[in-house]
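Below: one structure, written as structure tokens.
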Amino acid sequence: MTEKLRSENITVGAARAPNRSMFYAMGYRKSDFRNPMIGIANAHSTITPCNSGLQRLADAAIEGVRAAGGNPQMFGTPTIADGMSMGTEGMKYSLVSREVIADCVETCVQGQWMDGVVTVGGCDKNMPGAMIGMLRCNVPGIFVYGGTILPGHYKGRDLNIVSVFEAVGEHAAGRMSDADFDAIEQCSVPTSGSCGGMYTANTMSSAIEAMGMSLPYSSTMANVHEEKVRSARDSGQALLAAVRAGGLKPRDIVNRKALENAIAVIMAIGGSTNAVLHLLAIAHAAEVPLTIEDFEIIRKRTPVLCDLKPSGKYVATDLHRAGGIPQVMKILLEAGLIHGDCITINGKTVAENLNDVSATPSPEQDVIRPIDDPMYAHGHLAILKGNLAPDGSVAKITGLKNPSMTGPARVFDDEQSALQAILDGRIKVGDIMVLRYLGPKGGPGMPEMLAPTSALVGAGLGESVGLITDGRFSGGTWGMVVGHVAPEAMVGGAIALVREGDTITIDAPSLSLHLHVGNEELAKRRAAWTPPAKRYTRGVLAKFGALVGSSHQGAVLDADLS
């Protein structure tokens, strides 16, 4: 140990006798005060299957910390079950929970003078929330992903939570029997773990591994498998090694190159649109310059290598068996598409971690494609701009049969009425749905639109109806959809000026999102526009709405506090 322990601020000296007495109440011995105090930020809960299997991982991390000579100190962080709150007012708390989790980590680590922290998380916002918290504190930290769920099965078909959302649309359209609908509901989520496709949870766990803040292979393991427990234990030991080596800190790891690695990996695996929002927020916490335009630059040079849901065939456990994120990273490294000199939490560089990984994926699998035979030549997460989104918007553009669409606007100021219009059969081929006042401020909380987008897919309209929103999409969303439209409607963005029947063009090849209304008419509409009343004036949603910035900057709360 070359540095003084932070925890000595509350454990050393006669004046700290009262502080030490409280440790003694928890079973500490005098000799323990020579050892690092390590926080275990535990997101275990029985709110959601994503987090219901975390306790044994937190316990394993504690074992690893203790075996390496540290004093583990567990504290809790909350979660929101996106799959349960989806389509309801509760979904507005989802993005808010990212900030609450970050605040929890920062508050406990800083308030208790911890020497390091292991964060254990499952559902979508656990990952970016933990990363933001660790980067704010900048004490040695490591992330332990709770692991993915195993797929469900019905009539020879693999299922996951998105299967159920899509079944809602199929059933409403008369394309599915009551018996099949009921069976899919009961069979799709068979175990604990986060949603199984390359949705937001697995996207962000993969990004964190690519950045070097979790151990190799850990981001694609299944929650119920024993290797996940071993990895959690190893993570605790790796964190202690970082502390004792002089303090390899998150901001030493999460630099510009590491973030570029994460973006490249997300493009290669076909990850969630939410990665754009969360990586911008993580970069902000790390004080690393990163803009929404950087995603477009990296997209153009990075192929999609993996055939993963929601638009592909396979789930995260299939990716793990095929070699996981290290296999993807080795292919990208050999092609010169990621930086091999970035340091990672185990003290090795990216290149050193990948030293024993083959540069050629196994021919016995088709989850990961070779660099010369990719799924798509360029990445899937595109930044669209135009008079409807001058600050940018985010769309998945690969695999679309109709990458360009022009049609009449069908305007909705809330998600529920839009969903009902789909279920009632009032949305027709060629329509472009506009869902607004759902952005960071307008929601408030920027809820995900998985319910309406899945209903469109289930109704057979996934590629023949467009949907644009200043809200977000689930990682499970696919189709002709554009989210994160900025500026959002609540602050007077052009999306607030769209009227029923206006013509809109979504053009993926030209990266354009355009409203076919003249500037003079738009100016008249803007002069007549007034913002709607705030939906919340008290509590956490009101605070979030008052402080949050634009989605094209990560929807962070502290951008303008300096």
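To be explicit about the labels: the chains of the structure tokens are called A, B, and onward in the order shown, and within each one the residues are counted from 1, while ligands get numbers from 1 in the order they are shown.
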
Fill in: Nearby residues (only C-alpha atoms) at most 9 Å from Thr360 (chain A), same-chain spacing under 3 positions excluded, as a PyMOL selection string
chain A and resi 327+330-331+357+363+369-371

Discussion item. Let's see if you can do this: from backbone DSSP, list all helix (DSSP H, G or I) residues in region 445-549 of chain A, as a PyMOL selection string.
Written reply: chain A and resi 450-458+489-491+494-497+519-528+539-547

Practice prompt. Using only C-alpha atoms, pick whichever of A:Ile10, A:Ala183, A:Ala15, A:Leu541 has the shortest atom-to-atom distance to Gly90 (chain A).
Written response: A:Leu541

Response to the item:
Students should find that CA of Phe412 (chain A) and CA of Asp470 (chain A) are spaced 11.6 Å

Discussion item. Residues within 10 Å of Ile297 (chain A), please, as JSON, numbers by chain. Count only C-alpha atoms; anything in the same chain fewer than 5 positions from it doesn't count.
Written reply: {"A": [292, 302, 379, 382, 383]}

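Excluding Ala17 (chain A) and any residue on its chain fewer than 6 positions from it, the residues at most 12 Å away by only C-alpha atoms are Glu8, Asn9, Ile10, Thr11, Phe23, Tyr24, Lys30 and Phe33 of chain A.
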
Since we have the selection now, will you write its residues out, keeping C-alpha atoms, as a CSV table (one decimal), in the first residue's frame?
```csv
chain,number,residue,atom,x,y,z
A,8,GLU,CA,-8.2,6.8,8.0
A,9,ASN,CA,-10.2,10.0,8.1
A,10,ILE,CA,-12.7,8.2,10.3
A,11,THR,CA,-10.5,5.4,11.8
A,23,PHE,CA,-17.3,-0.2,13.9
A,24,TYR,CA,-16.7,-2.4,17.0
A,30,LYS,CA,-8.6,-3.4,16.3
A,33,PHE,CA,-8.6,-0.7,10.9
```

Practice prompt. Find the residues around Leu423 (chain A) up to 10 Å (only C-alpha atoms counted), leave out those fewer than 2 positions away in its own chain, and share them as a VMD selection string.
Written response: chain A and resid 168 to 173 417 to 421 425 to 427 452 455 to 456 458 to 459

Just N, CA and C atoms for this one: save the residues we selected as a compact mmCIF listing (two decimals), in the first residue's frame.
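As a result, result-v4.txt now contains:
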```txt
# COMPACT_ATOMS: atom_id res chain seq x y z
N VAL A 168 -48.90 -8.89 -27.40
CA VAL A 168 -50.03 -8.00 -27.14
C VAL A 168 -50.60 -7.47 -28.46
N GLY A 169 -49.69 -7.03 -29.34
CA GLY A 169 -50.14 -6.52 -30.63
C GLY A 169 -50.72 -7.61 -31.51
N GLU A 170 -50.09 -8.79 -31.51
CA GLU A 170 -50.60 -9.90 -32.31
C GLU A 170 -52.00 -10.32 -31.84
N HIS A 171 -52.17 -10.40 -30.53
CA HIS A 171 -53.46 -10.82 -29.97
C HIS A 171 -54.53 -9.79 -30.29
N ALA A 172 -54.18 -8.50 -30.14
CA ALA A 172 -55.16 -7.45 -30.42
C ALA A 172 -55.56 -7.42 -31.89
N ALA A 173 -54.62 -7.81 -32.77
CA ALA A 173 -54.91 -7.81 -34.21
C ALA A 173 -55.58 -9.10 -34.65
N SER A 417 -52.48 7.09 -25.26
CA SER A 417 -53.41 7.28 -26.38
C SER A 417 -52.82 6.74 -27.68
N ALA A 418 -51.51 6.81 -27.83
CA ALA A 418 -50.87 6.26 -29.02
C ALA A 418 -51.01 4.75 -29.05
N LEU A 419 -50.78 4.11 -27.91
CA LEU A 419 -50.92 2.65 -27.82
C LEU A 419 -52.35 2.23 -28.13
N GLN A 420 -53.31 2.97 -27.58
CA GLN A 420 -54.70 2.60 -27.81
C GLN A 420 -55.07 2.73 -29.28
N ALA A 421 -54.52 3.74 -29.96
CA ALA A 421 -54.80 3.90 -31.38
C ALA A 421 -54.30 2.70 -32.18
N GLY A 425 -56.69 -0.36 -34.11
CA GLY A 425 -56.59 -0.46 -35.55
C GLY A 425 -56.69 0.86 -36.29
N ARG A 426 -56.43 1.98 -35.60
CA ARG A 426 -56.57 3.30 -36.23
C ARG A 426 -55.28 3.78 -36.90
N ILE A 427 -54.20 3.03 -36.73
CA ILE A 427 -52.94 3.38 -37.38
C ILE A 427 -52.79 2.52 -38.63
N PRO A 452 -45.91 0.74 -27.39
CA PRO A 452 -46.42 1.03 -28.73
C PRO A 452 -45.59 0.43 -29.86
N ALA A 455 -46.39 -3.20 -30.05
CA ALA A 455 -47.75 -3.38 -30.57
C ALA A 455 -47.77 -3.22 -32.09
N LEU A 456 -46.97 -2.29 -32.61
CA LEU A 456 -46.87 -2.14 -34.06
C LEU A 456 -46.30 -3.41 -34.70
N GLY A 458 -46.34 -6.46 -33.44
CA GLY A 458 -47.32 -7.52 -33.30
C GLY A 458 -48.48 -7.41 -34.26
N ALA A 459 -48.81 -6.18 -34.63
CA ALA A 459 -49.91 -5.95 -35.58
C ALA A 459 -49.45 -6.06 -37.02
```

Considering only C-alpha atoms, return as a compact mmCIF listing (two decimals) with N, CA, C and O atoms, in the first residue's frame whatever protein or nucleic-acid residues lie within 8 Å of Pro190 (chain A), sequence-local ones (same chain, fewer than 4 positions apart) excluded.
```txt
# COMPACT_ATOMS: atom_id res chain seq x y z
N ILE A 149 -30.67 -13.32 -18.28
CA ILE A 149 -31.68 -14.34 -18.04
C ILE A 149 -31.52 -15.45 -19.09
O ILE A 149 -30.94 -15.23 -20.15
N LEU A 150 -32.01 -16.63 -18.79
CA LEU A 150 -32.06 -17.69 -19.79
C LEU A 150 -33.33 -17.53 -20.63
O LEU A 150 -34.34 -17.01 -20.14
N PRO A 151 -33.31 -17.95 -21.89
CA PRO A 151 -34.50 -17.78 -22.72
C PRO A 151 -35.62 -18.72 -22.30
O PRO A 151 -35.39 -19.82 -21.79
N GLY A 152 -36.86 -18.28 -22.48
CA GLY A 152 -38.01 -19.14 -22.32
C GLY A 152 -38.26 -19.91 -23.60
O GLY A 152 -37.65 -19.63 -24.64
```

Worksheet item: From the list A:Lys428, A:Ile269, A:Leu400, A:Glu185, which residue is nearest Tyr154 (chain A) when using only C-alpha atoms?
Response: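 Checking each candidate against Tyr154 (chain A), we get A:Glu185 as the closest.
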
Practice prompt. Excluding Ser7 (chain A) and residues on its chain fewer than 6 positions from it, collect all residues at most 9 Å away from it, counting only C-alpha atoms, and give them as a PyMOL selection string.
Written response: chain A and resi 33+36-37+112-115

Go ahead and write the residues just picked, all heavy atoms, as a compact mmCIF listing (two decimals), in the first residue's frame.
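Saved result, result.txt, follows:
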```
# COMPACT_ATOMS: atom_id res chain seq x y z
N PHE A 33 -8.70 -2.07 11.34
CA PHE A 33 -8.60 -0.68 10.93
C PHE A 33 -7.37 -0.41 10.07
O PHE A 33 -7.22 0.68 9.52
CB PHE A 33 -8.63 0.24 12.15
CG PHE A 33 -9.92 0.16 12.91
CD1 PHE A 33 -9.95 -0.27 14.23
CD2 PHE A 33 -11.12 0.47 12.30
CE1 PHE A 33 -11.14 -0.36 14.93
CE2 PHE A 33 -12.31 0.38 12.99
CZ PHE A 33 -12.32 -0.05 14.30
N PRO A 36 -8.34 -1.85 4.08
CA PRO A 36 -9.23 -0.96 3.33
C PRO A 36 -10.71 -1.23 3.63
O PRO A 36 -11.13 -2.37 3.80
CB PRO A 36 -8.92 -1.30 1.87
CG PRO A 36 -7.57 -1.94 1.88
CD PRO A 36 -7.49 -2.67 3.19
N MET A 37 -11.48 -0.15 3.67
CA MET A 37 -12.93 -0.23 3.81
C MET A 37 -13.54 -0.19 2.40
O MET A 37 -13.37 0.79 1.67
CB MET A 37 -13.46 0.96 4.63
CG MET A 37 -12.88 1.06 6.03
SD MET A 37 -13.45 -0.28 7.10
CE MET A 37 -12.72 0.22 8.68
N GLN A 112 -18.87 7.96 3.86
CA GLN A 112 -18.21 6.98 4.75
C GLN A 112 -16.72 6.83 4.48
O GLN A 112 -16.07 5.95 5.05
CB GLN A 112 -18.89 5.61 4.59
CG GLN A 112 -20.32 5.57 5.08
CD GLN A 112 -20.44 5.86 6.57
OE1 GLN A 112 -21.17 6.76 6.96
NE2 GLN A 112 -19.71 5.12 7.40
N TRP A 113 -16.16 7.65 3.61
CA TRP A 113 -14.72 7.63 3.32
C TRP A 113 -14.24 6.24 2.91
O TRP A 113 -13.19 5.78 3.36
CB TRP A 113 -13.93 8.14 4.53
CG TRP A 113 -14.07 9.59 4.80
CD1 TRP A 113 -14.94 10.17 5.69
CD2 TRP A 113 -13.38 10.67 4.16
NE1 TRP A 113 -14.82 11.54 5.65
CE2 TRP A 113 -13.87 11.87 4.72
CE3 TRP A 113 -12.39 10.74 3.18
CZ2 TRP A 113 -13.40 13.11 4.33
CZ3 TRP A 113 -11.93 11.98 2.79
CH2 TRP A 113 -12.43 13.15 3.36
N MET A 114 -15.02 5.58 2.06
CA MET A 114 -14.63 4.24 1.62
C MET A 114 -13.40 4.30 0.72
O MET A 114 -13.19 5.26 -0.01
CB MET A 114 -15.79 3.58 0.89
CG MET A 114 -16.96 3.27 1.80
SD MET A 114 -18.41 2.70 0.88
CE MET A 114 -19.58 2.43 2.25
N ASP A 115 -12.61 3.24 0.77
CA ASP A 115 -11.37 3.17 -0.01
C ASP A 115 -11.59 2.60 -1.40
O ASP A 115 -10.71 2.69 -2.26
CB ASP A 115 -10.34 2.31 0.73
CG ASP A 115 -10.02 2.88 2.10
OD1 ASP A 115 -9.55 4.04 2.16
OD2 ASP A 115 -10.25 2.18 3.10
```

Discussion item. Using only C-alpha atoms for the distances, tell me which of A:Asn261, A:Ser85, A:Asn35, A:Ser404 is nearest to Gly340 (chain A).
Written reply: A:Asn261

Discussion item. Among region 346-510 of chain A, which ones does DSSP assign to strand (DSSP E) (computed from the backbone)? Answer as a ChimeraX atom specification.
Written reply: /A:381-384,392-396,404-412,432-435,466-469,481-486,503-507

Give me a file of those residues, with C-alpha atoms, as a compact mmCIF listing (two decimals), in the first residue's frame.
```txt
# COMPACT_ATOMS: atom_id res chain seq x y z
CA LEU A 381 -27.07 3.35 -34.26
CA ALA A 382 -27.36 6.40 -36.48
CA ILE A 383 -27.70 10.05 -35.57
CA LEU A 384 -30.43 11.66 -37.69
CA GLY A 392 -29.97 15.15 -33.26
CA SER A 393 -32.01 12.01 -32.77
CA VAL A 394 -31.14 8.32 -32.54
CA ALA A 395 -32.34 5.47 -34.75
CA LYS A 396 -31.48 1.84 -35.46
CA SER A 404 -36.79 5.70 -46.08
CA MET A 405 -40.39 6.66 -45.42
CA THR A 406 -42.56 9.68 -46.10
CA GLY A 407 -46.05 9.86 -44.67
CA PRO A 408 -48.70 11.77 -42.75
CA ALA A 409 -48.12 12.61 -39.11
CA ARG A 410 -50.37 10.99 -36.52
CA VAL A 411 -49.79 13.14 -33.45
CA PHE A 412 -50.06 12.05 -29.79
CA ILE A 432 -45.76 8.26 -39.10
CA MET A 433 -46.67 8.41 -35.43
CA VAL A 434 -45.37 11.39 -33.45
CA LEU A 435 -45.21 10.82 -29.68
CA GLY A 466 -42.85 5.10 -38.68
CA LEU A 467 -42.64 6.40 -35.13
CA ILE A 468 -40.70 9.39 -33.85
CA THR A 469 -40.51 10.61 -30.27
CA VAL A 481 -38.43 4.29 -35.18
CA VAL A 482 -36.51 7.43 -34.20
CA GLY A 483 -36.08 8.55 -30.59
CA HIS A 484 -34.24 11.12 -28.46
CA VAL A 485 -35.50 13.90 -30.77
CA ALA A 486 -33.80 17.11 -29.61
CA THR A 503 -45.89 15.25 -44.05
CA ILE A 504 -42.73 13.85 -42.42
CA THR A 505 -39.76 12.06 -43.98
CA ILE A 506 -37.54 9.62 -42.13
CA ASP A 507 -34.54 8.93 -44.36
```
